[in-house]
>>> print(open('model.cif').read())   # mmCIF, C-alpha atoms and all ligand atoms
data_input
loop_
_atom_site.group_PDB
_atom_site.id
_atom_site.type_symbol
_atom_site.label_atom_id
_atom_site.label_comp_id
_atom_site.auth_asym_id
_atom_site.auth_seq_id
_atom_site.Cartn_x
_atom_site.Cartn_y
_atom_site.Cartn_z
ATOM 1 C CA MET A 1 7.479 2.559 17.787
ATOM 2 C CA ASP A 2 10.160 -0.074 17.315
ATOM 3 C CA VAL A 3 9.969 -3.905 17.429
ATOM 4 C CA ASP A 4 12.304 -3.732 20.437
ATOM 5 C CA HIS A 5 9.413 -2.139 22.332
ATOM 6 C CA LEU A 6 7.209 -5.182 21.632
ATOM 7 C CA PRO A 7 9.268 -8.245 22.630
ATOM 8 C CA THR A 8 6.232 -10.418 23.413
ATOM 9 C CA GLU A 9 4.020 -9.368 20.493
ATOM 10 C CA ILE A 10 6.287 -9.725 17.458
ATOM 11 C CA SER A 11 7.553 -13.126 16.304
ATOM 12 C CA SER A 12 9.870 -11.884 13.543
ATOM 13 C CA VAL A 13 10.899 -8.810 11.567
ATOM 14 C CA LEU A 14 10.162 -9.255 7.872
ATOM 15 C CA LEU A 15 11.524 -5.913 6.639
ATOM 16 C CA THR A 16 13.716 -3.390 8.395
ATOM 17 C CA GLU A 17 13.447 0.381 8.072
ATOM 18 C CA GLU A 18 16.583 0.387 5.920
ATOM 19 C CA GLN A 19 15.239 -2.270 3.527
ATOM 20 C CA ILE A 20 11.966 -0.372 3.133
ATOM 21 C CA GLN A 21 13.645 2.982 2.475
ATOM 22 C CA GLU A 22 16.163 1.512 0.026
ATOM 23 C CA ARG A 23 13.377 -0.099 -2.020
ATOM 24 C CA LEU A 24 11.251 3.069 -1.947
ATOM 25 C CA GLU A 25 14.185 5.011 -3.310
ATOM 26 C CA GLN A 26 14.665 2.496 -6.154
ATOM 27 C CA ILE A 27 10.993 2.645 -7.098
ATOM 28 C CA ALA A 28 11.001 6.449 -6.905
ATOM 29 C CA THR A 29 13.861 6.479 -9.428
ATOM 30 C CA GLU A 30 11.795 4.266 -11.767
ATOM 31 C CA VAL A 31 8.681 6.401 -11.345
ATOM 32 C CA ASP A 32 10.638 9.617 -11.973
ATOM 33 C CA ALA A 33 11.925 8.128 -15.233
ATOM 34 C CA ASP A 34 8.638 6.518 -16.345
ATOM 35 C CA TYR A 35 6.558 9.674 -15.806
ATOM 36 C CA GLN A 36 9.129 12.205 -16.992
ATOM 37 C CA GLY A 37 7.384 15.233 -18.495
ATOM 38 C CA ARG A 38 3.943 14.021 -17.390
ATOM 39 C CA ASP A 39 1.755 15.364 -14.627
ATOM 40 C CA LEU A 40 1.382 12.585 -12.042
ATOM 41 C CA LEU A 41 -1.364 12.205 -9.446
ATOM 42 C CA LEU A 42 -0.649 9.760 -6.627
ATOM 43 C CA VAL A 43 -3.757 8.274 -5.030
ATOM 44 C CA GLY A 44 -3.102 6.818 -1.573
ATOM 45 C CA ILE A 45 -5.492 4.300 -0.091
ATOM 46 C CA LEU A 46 -6.318 5.103 3.517
ATOM 47 C CA LYS A 47 -5.289 4.257 6.087
ATOM 48 C CA GLY A 48 -2.590 1.686 5.387
ATOM 49 C CA ALA A 49 -0.767 3.553 2.625
ATOM 50 C CA THR A 50 -0.153 6.738 4.624
ATOM 51 C CA LEU A 51 3.384 5.846 5.666
ATOM 52 C CA VAL A 52 4.359 4.449 2.249
ATOM 53 C CA MET A 53 3.121 7.641 0.608
ATOM 54 C CA ALA A 54 4.866 9.943 3.092
ATOM 55 C CA ASP A 55 8.255 8.323 2.566
ATOM 56 C CA PHE A 56 7.835 7.557 -1.147
ATOM 57 C CA VAL A 57 7.061 11.135 -2.219
ATOM 58 C CA ARG A 58 10.173 12.366 -0.440
ATOM 59 C CA HIS A 59 12.337 10.062 -2.569
ATOM 60 C CA LEU A 60 10.860 11.473 -5.817
ATOM 61 C CA LYS A 61 12.679 14.200 -7.714
ATOM 62 C CA SER A 62 9.650 15.342 -9.774
ATOM 63 C CA HIS A 63 6.552 17.336 -8.844
ATOM 64 C CA VAL A 64 3.552 15.173 -7.983
ATOM 65 C CA GLN A 65 0.132 15.763 -6.523
ATOM 66 C CA MET A 66 -1.426 13.610 -3.823
ATOM 67 C CA ASP A 67 -5.001 12.617 -3.214
ATOM 68 C CA TRP A 68 -6.596 9.984 -0.977
ATOM 69 C CA MET A 69 -9.392 7.439 -1.080
ATOM 70 C CA ALA A 70 -10.856 5.339 1.697
ATOM 71 C CA VAL A 71 -12.627 2.149 0.690
ATOM 72 C CA SER A 72 -14.181 -0.661 2.608
ATOM 73 C CA SER A 73 -14.432 -4.160 1.251
ATOM 74 C CA TYR A 74 -17.455 -6.227 2.207
ATOM 75 C CA GLY A 75 -16.580 -9.740 3.221
ATOM 76 C CA SER A 76 -16.663 -12.282 5.973
ATOM 77 C CA GLY A 77 -13.883 -11.974 8.533
ATOM 78 C CA THR A 78 -10.513 -11.367 6.975
ATOM 79 C CA GLN A 79 -11.519 -12.496 3.466
ATOM 80 C CA SER A 80 -12.435 -9.625 1.144
ATOM 81 C CA SER A 81 -15.261 -10.215 -1.329
ATOM 82 C CA GLY A 82 -14.424 -7.725 -4.034
ATOM 83 C CA VAL A 83 -17.596 -5.729 -3.319
ATOM 84 C CA VAL A 84 -16.274 -2.333 -2.396
ATOM 85 C CA ARG A 85 -17.825 0.766 -0.859
ATOM 86 C CA ILE A 86 -16.195 4.199 -1.145
ATOM 87 C CA LEU A 87 -15.927 5.828 2.292
ATOM 88 C CA LYS A 88 -13.919 8.831 1.075
ATOM 89 C CA ASP A 89 -13.701 9.715 -2.579
ATOM 90 C CA LEU A 90 -11.032 11.717 -4.411
ATOM 91 C CA ASP A 91 -11.071 15.503 -4.149
ATOM 92 C CA ALA A 92 -9.598 15.827 -7.646
ATOM 93 C CA ASP A 93 -11.186 15.261 -11.052
ATOM 94 C CA ILE A 94 -8.931 12.663 -12.658
ATOM 95 C CA SER A 95 -10.102 12.922 -16.267
ATOM 96 C CA GLY A 96 -7.061 13.147 -18.523
ATOM 97 C CA ARG A 97 -4.715 12.594 -15.559
ATOM 98 C CA HIS A 98 -1.984 10.013 -15.102
ATOM 99 C CA VAL A 99 -2.911 8.218 -11.869
ATOM 100 C CA LEU A 100 -0.667 6.015 -9.756
ATOM 101 C CA VAL A 101 -2.506 4.225 -6.941
ATOM 102 C CA VAL A 102 -0.331 3.763 -3.839
ATOM 103 C CA GLU A 103 -1.246 0.683 -1.772
ATOM 104 C CA ASP A 104 0.249 -0.935 1.300
ATOM 105 C CA ILE A 105 -0.425 -4.594 0.503
ATOM 106 C CA LEU A 106 -2.104 -6.751 -2.119
ATOM 107 C CA ASP A 107 -3.598 -9.932 -0.779
ATOM 108 C CA THR A 108 -6.406 -11.322 -2.954
ATOM 109 C CA GLY A 109 -6.201 -8.209 -5.146
ATOM 110 C CA LEU A 110 -10.007 -7.983 -5.255
ATOM 111 C CA THR A 111 -10.171 -4.497 -3.727
ATOM 112 C CA LEU A 112 -7.536 -3.221 -6.082
ATOM 113 C CA SER A 113 -9.047 -4.623 -9.260
ATOM 114 C CA TRP A 114 -12.351 -2.962 -8.356
ATOM 115 C CA LEU A 115 -10.532 0.300 -7.684
ATOM 116 C CA VAL A 116 -8.596 0.275 -10.949
ATOM 117 C CA ARG A 117 -11.823 -0.380 -12.887
ATOM 118 C CA ASN A 118 -13.577 2.403 -10.990
ATOM 119 C CA LEU A 119 -10.804 4.939 -11.639
ATOM 120 C CA SER A 120 -10.525 3.917 -15.296
ATOM 121 C CA THR A 121 -14.217 4.744 -15.876
ATOM 122 C CA ARG A 122 -13.522 8.336 -14.770
ATOM 123 C CA GLY A 123 -11.525 9.086 -17.902
ATOM 124 C CA ALA A 124 -7.996 8.975 -16.475
ATOM 125 C CA ALA A 125 -5.248 9.026 -19.112
ATOM 126 C CA SER A 126 -3.641 6.083 -17.309
ATOM 127 C CA VAL A 127 -4.132 4.146 -14.074
ATOM 128 C CA GLU A 128 -1.214 2.180 -12.652
ATOM 129 C CA VAL A 129 -0.549 0.667 -9.232
ATOM 130 C CA PHE A 130 2.344 0.727 -6.809
ATOM 131 C CA THR A 131 2.017 -1.679 -3.907
ATOM 132 C CA LEU A 132 4.683 -1.932 -1.234
ATOM 133 C CA LEU A 133 3.874 -5.576 -0.462
ATOM 134 C CA ARG A 134 2.350 -8.389 -2.491
ATOM 135 C CA LYS A 135 1.202 -11.786 -1.260
ATOM 136 C CA PRO A 136 1.145 -14.935 -3.461
ATOM 137 C CA GLU A 137 -2.641 -14.889 -4.077
ATOM 138 C CA ALA A 138 -2.428 -11.466 -5.745
ATOM 139 C CA VAL A 139 -0.141 -12.837 -8.437
ATOM 140 C CA LYS A 140 -3.173 -14.692 -9.870
ATOM 141 C CA MET A 141 -5.182 -11.501 -10.401
ATOM 142 C CA PRO A 142 -5.656 -10.075 -13.905
ATOM 143 C CA VAL A 143 -4.722 -6.593 -12.682
ATOM 144 C CA SER A 144 -1.009 -6.534 -12.020
ATOM 145 C CA PRO A 145 0.744 -3.670 -10.267
ATOM 146 C CA ARG A 146 3.379 -1.822 -12.284
ATOM 147 C CA TYR A 147 5.568 -1.375 -9.193
ATOM 148 C CA VAL A 148 5.955 -3.927 -6.374
ATOM 149 C CA GLY A 149 8.136 -3.249 -3.350
ATOM 150 C CA PHE A 150 8.433 -6.776 -1.977
ATOM 151 C CA ASP A 151 6.849 -10.159 -2.628
ATOM 152 C CA ILE A 152 6.174 -11.679 0.781
ATOM 153 C CA PRO A 153 4.906 -15.088 1.943
ATOM 154 C CA GLU A 154 1.328 -15.792 3.023
ATOM 155 C CA VAL A 155 1.663 -14.418 6.566
ATOM 156 C CA PHE A 156 -0.236 -11.679 8.407
ATOM 157 C CA VAL A 157 2.033 -8.685 8.780
ATOM 158 C CA VAL A 158 1.773 -5.442 10.724
ATOM 159 C CA GLY A 159 3.678 -2.194 10.927
ATOM 160 C CA TYR A 160 4.610 0.662 8.622
ATOM 161 C CA GLY A 161 0.936 1.580 8.192
ATOM 162 C CA LEU A 162 -0.489 -1.933 8.444
ATOM 163 C CA ASP A 163 -2.640 -2.648 11.460
ATOM 164 C CA TYR A 164 -4.102 -5.399 13.552
ATOM 165 C CA ALA A 165 -7.262 -4.024 15.229
ATOM 166 C CA GLU A 166 -5.978 -0.487 14.495
ATOM 167 C CA ARG A 167 -2.722 -1.107 16.377
ATOM 168 C CA TYR A 168 0.878 -1.373 15.113
ATOM 169 C CA ARG A 169 0.471 1.162 12.269
ATOM 170 C CA ASN A 170 3.196 3.294 13.877
ATOM 171 C CA LEU A 171 5.711 0.453 14.016
ATOM 172 C CA ARG A 172 8.875 1.361 12.073
ATOM 173 C CA GLN A 173 9.418 -2.154 10.688
ATOM 174 C CA ILE A 174 7.147 -4.643 8.899
ATOM 175 C CA ALA A 175 6.774 -7.613 11.193
ATOM 176 C CA VAL A 176 4.932 -10.872 11.781
ATOM 177 C CA LEU A 177 2.673 -10.848 14.831
ATOM 178 C CA ASP A 178 3.034 -13.515 17.482
ATOM 179 C CA PRO A 179 -0.046 -15.802 17.295
ATOM 180 C CA ARG A 180 -0.645 -15.140 21.009
ATOM 181 C CA VAL A 181 -1.803 -11.638 20.063
ATOM 182 C CA TYR A 182 -4.685 -13.116 18.022
ATOM 183 C CA GLY A 183 -5.516 -15.515 20.796
ATOM 184 C CA GLY A 184 -6.497 -12.808 23.142
HETATM 185 P P1 LIG A 201 -7.334 -7.632 -0.949
HETATM 186 O O1 LIG A 201 -6.100 -7.492 -1.798
HETATM 187 O O2 LIG A 201 -7.477 -9.024 -0.397
HETATM 188 O O3 LIG A 201 -8.578 -7.145 -1.608
HETATM 189 O O4 LIG A 201 -7.210 -6.726 0.332
HETATM 190 C C1 LIG A 201 -6.059 -6.077 0.698
HETATM 191 C C2 LIG A 201 -6.302 -5.448 2.054
HETATM 192 O O5 LIG A 201 -6.385 -6.464 3.056
HETATM 193 C C3 LIG A 201 -5.141 -4.566 2.439
HETATM 194 O O6 LIG A 201 -5.316 -3.229 2.012
HETATM 195 C C4 LIG A 201 -5.138 -4.712 3.952
HETATM 196 O O7 LIG A 201 -6.026 -3.781 4.521
HETATM 197 C C5 LIG A 201 -5.676 -6.110 4.208
HETATM 198 N N1 LIG A 201 -4.580 -7.078 4.418
HETATM 199 C C6 LIG A 201 -4.257 -8.119 3.623
HETATM 200 N N2 LIG A 201 -3.194 -8.794 4.112
HETATM 201 C C7 LIG A 201 -2.823 -8.162 5.253
HETATM 202 C C8 LIG A 201 -1.765 -8.377 6.209
HETATM 203 O O8 LIG A 201 -0.934 -9.292 6.142
HETATM 204 N N3 LIG A 201 -1.709 -7.500 7.245
HETATM 205 C C9 LIG A 201 -2.593 -6.472 7.394
HETATM 206 N N4 LIG A 201 -2.424 -5.691 8.459
HETATM 207 N N5 LIG A 201 -3.601 -6.235 6.506
HETATM 208 C C10 LIG A 201 -3.713 -7.062 5.441
#
>>> encode(input="model.cif", output="structure tokens", more="lines below")
Ligand code: 5GP
Amino acid sequence: MDVDHLPTEISSVLLTEEQIQERLEQIATEVDADYQGRDLLLVGILKGATLVMADFVRHLKSHVQMDWMAVSSYGSGTQSSGVVRILKDLDADISGRHVLVVEDILDTGLTLSWLVRNLSTRGAASVEVFTLLRKPEAVKMPVSPRYVGFDIPEVFVVGYGLDYAERYRNLRQIAVLDPRVYGG
């Protein structure tokens, strides 16, 4: 799906397909260099990170393994509380492994800091984070991602894996929804 197919629902395009792919390629080059000679396990957070993961791994030049977690954050409305429940845990034992968590977006960062703590208690050799997008609030968190695709303003975005009510995940671009969509 393309923003051109949604003329009344999208107010602006924040990131084009080309911008996303170019940045993924740059980060893949960094990750290849940083983890050279080490066995890397990428942990994607469902469902939002599926598209980031799919494109990111194809830019890498080293062998990696992939695993997935699904978590749900308790909270009121759109505000996450930092209390997290695991809906789908890893298949792999991560003790002694170098883990890179792949996330779509960091907002408050509460979910991620819980996740990093949780994975660290499992005896991983290292736990780092790659987030495609980061909002201003996340900058205040003690856990900082090693790789950040783009710092974006405090707006609600959809597309490229990110949803609103489970829609727009298959949009090629990252875009700002028209407020009329929220209204009804
Ligand atoms: P936090 O960092 O606040 O714990 O939570 C991050 C999660 O909130 C993301 O994984 C995502 O599911 C959701 N989220 C935060 N900001 C946005 C946004 O702008 N658009 C969408 N679609 N989801 C968001």
>>> closest_residue(input="model.cif", among="A:Ala124, A:Leu60, A:Met69, A:Ile105", to="Gly161 in chain A", atoms="all atoms listed in the file")
A:Ile105
>>> axis_aligned_box(input="model.cif", around="ligand LIG 201 (chain A)", padding_each_side="6 Å", output="lines of an AutoDock Vina configuration file")
center_x = -4.8
center_y = -6.3
center_z = 3.3
size_x = 19.6
size_y = 18.1
size_z = 22.3
>>> resolve_selection(input="model.cif", expression="the PyMOL selection byres (((chain A and resi 102) around 6) and not hetatm)", output="list in words")
Val43, Gly44, Val101, Glu103, Phe130 and Thr131 of chain A
>>> closest_residue(input="model.cif", among="A:Leu171, A:Leu42, A:Ile20, A:Val181", to="Leu133 in chain A", atoms="only C-alpha atoms")
A:Ile20
>>> closest_residue(input="model.cif", among="A:Val157, A:Ala33, A:Ile86, A:Ala28", to="Arg58 in chain A", atoms="all atoms listed in the file")
A:Ala28
>>> residues_near_ligand(input="model.cif", ligand="ligand LIG 201 (chain A)", cutoff="6 Å", atoms="only C-alpha atoms and all ligand atoms", output="short mmCIF file (atom, residue, chain, number, x, y, z; two decimals) with C-alpha atoms, in the coordinates of the input")
data_model
loop_
_atom_site.label_atom_id
_atom_site.label_comp_id
_atom_site.auth_asym_id
_atom_site.auth_seq_id
_atom_site.Cartn_x
_atom_site.Cartn_y
_atom_site.Cartn_z
CA SER A 80 -12.44 -9.62 1.14
CA ILE A 105 -0.42 -4.59 0.50
CA LEU A 106 -2.10 -6.75 -2.12
CA ASP A 107 -3.60 -9.93 -0.78
CA THR A 108 -6.41 -11.32 -2.95
CA GLY A 109 -6.20 -8.21 -5.15
CA LEU A 110 -10.01 -7.98 -5.26
CA THR A 111 -10.17 -4.50 -3.73
CA VAL A 155 1.66 -14.42 6.57
CA PHE A 156 -0.24 -11.68 8.41
CA VAL A 157 2.03 -8.68 8.78
CA VAL A 158 1.77 -5.44 10.72
CA LEU A 162 -0.49 -1.93 8.44
CA ASP A 163 -2.64 -2.65 11.46
CA TYR A 164 -4.10 -5.40 13.55
#
>>> atom_distance(input="model.cif", atom1="CA of Ser144 in chain A", atom2="CA of Leu132 in chain A")
13.0 Å
>>> closest_residue(input="model.cif", among="A:Glu22, A:Glu9, A:Asp4, A:Asp55", to="Pro179 in chain A", atoms="all atoms listed in the file")
A:Glu9
>>> residues_around(input="model.cif", residues="range 14-16 of chain A", least_positions_apart="2", cutoff="9 Å", atoms="all atoms listed in the file", output="number ranges by chain")
A: 12, 18-21, 152, 157, 172-176
>>> closest_residue(input="model.cif", among="A:Arg23, A:Lys88, A:Lys47, A:Arg97", to="Ala125 in chain A", atoms="only C-alpha atoms")
A:Arg97
>>> closest_residue(input="model.cif", among="A:Tyr182, A:Thr121, A:Asp104, A:Leu41", to="Pro145 in chain A", atoms="only C-alpha atoms")
A:Asp104
>>> atom_distance(input="model.cif", atom1="CA of Arg122 in chain A", atom2="CA of Glu137 in chain A")
27.8 Å
>>> resolve_selection(input="model.cif", expression="the PyMOL selection byres (((chain A and resi 85) around 9) and not hetatm)", output="number ranges by chain")
A: 70-74, 83-84, 86-87
>>> atom_distance(input="model.cif", atom1="CA of Ala54 in chain A", atom2="CA of Ile94 in chain A")
21.1 Å
>>> residues_around(input="model.cif", residues="Gly123 in chain A", least_positions_apart="5", cutoff="12 Å", atoms="all atoms listed in the file", output="list of chain:residue names")
A:Asp93, A:Ile94, A:Ser95, A:Gly96, A:Arg97, A:His98, A:Val99, A:Val116, A:Arg117, A:Asn118
>>> resolve_selection(input="model.cif", expression="the PyMOL selection byres (((chain A and resi 40) around 10) and not hetatm)", output="VMD selection string")
chain A and resid 31 to 32 35 to 39 41 to 43 62 to 66 97 to 100 126
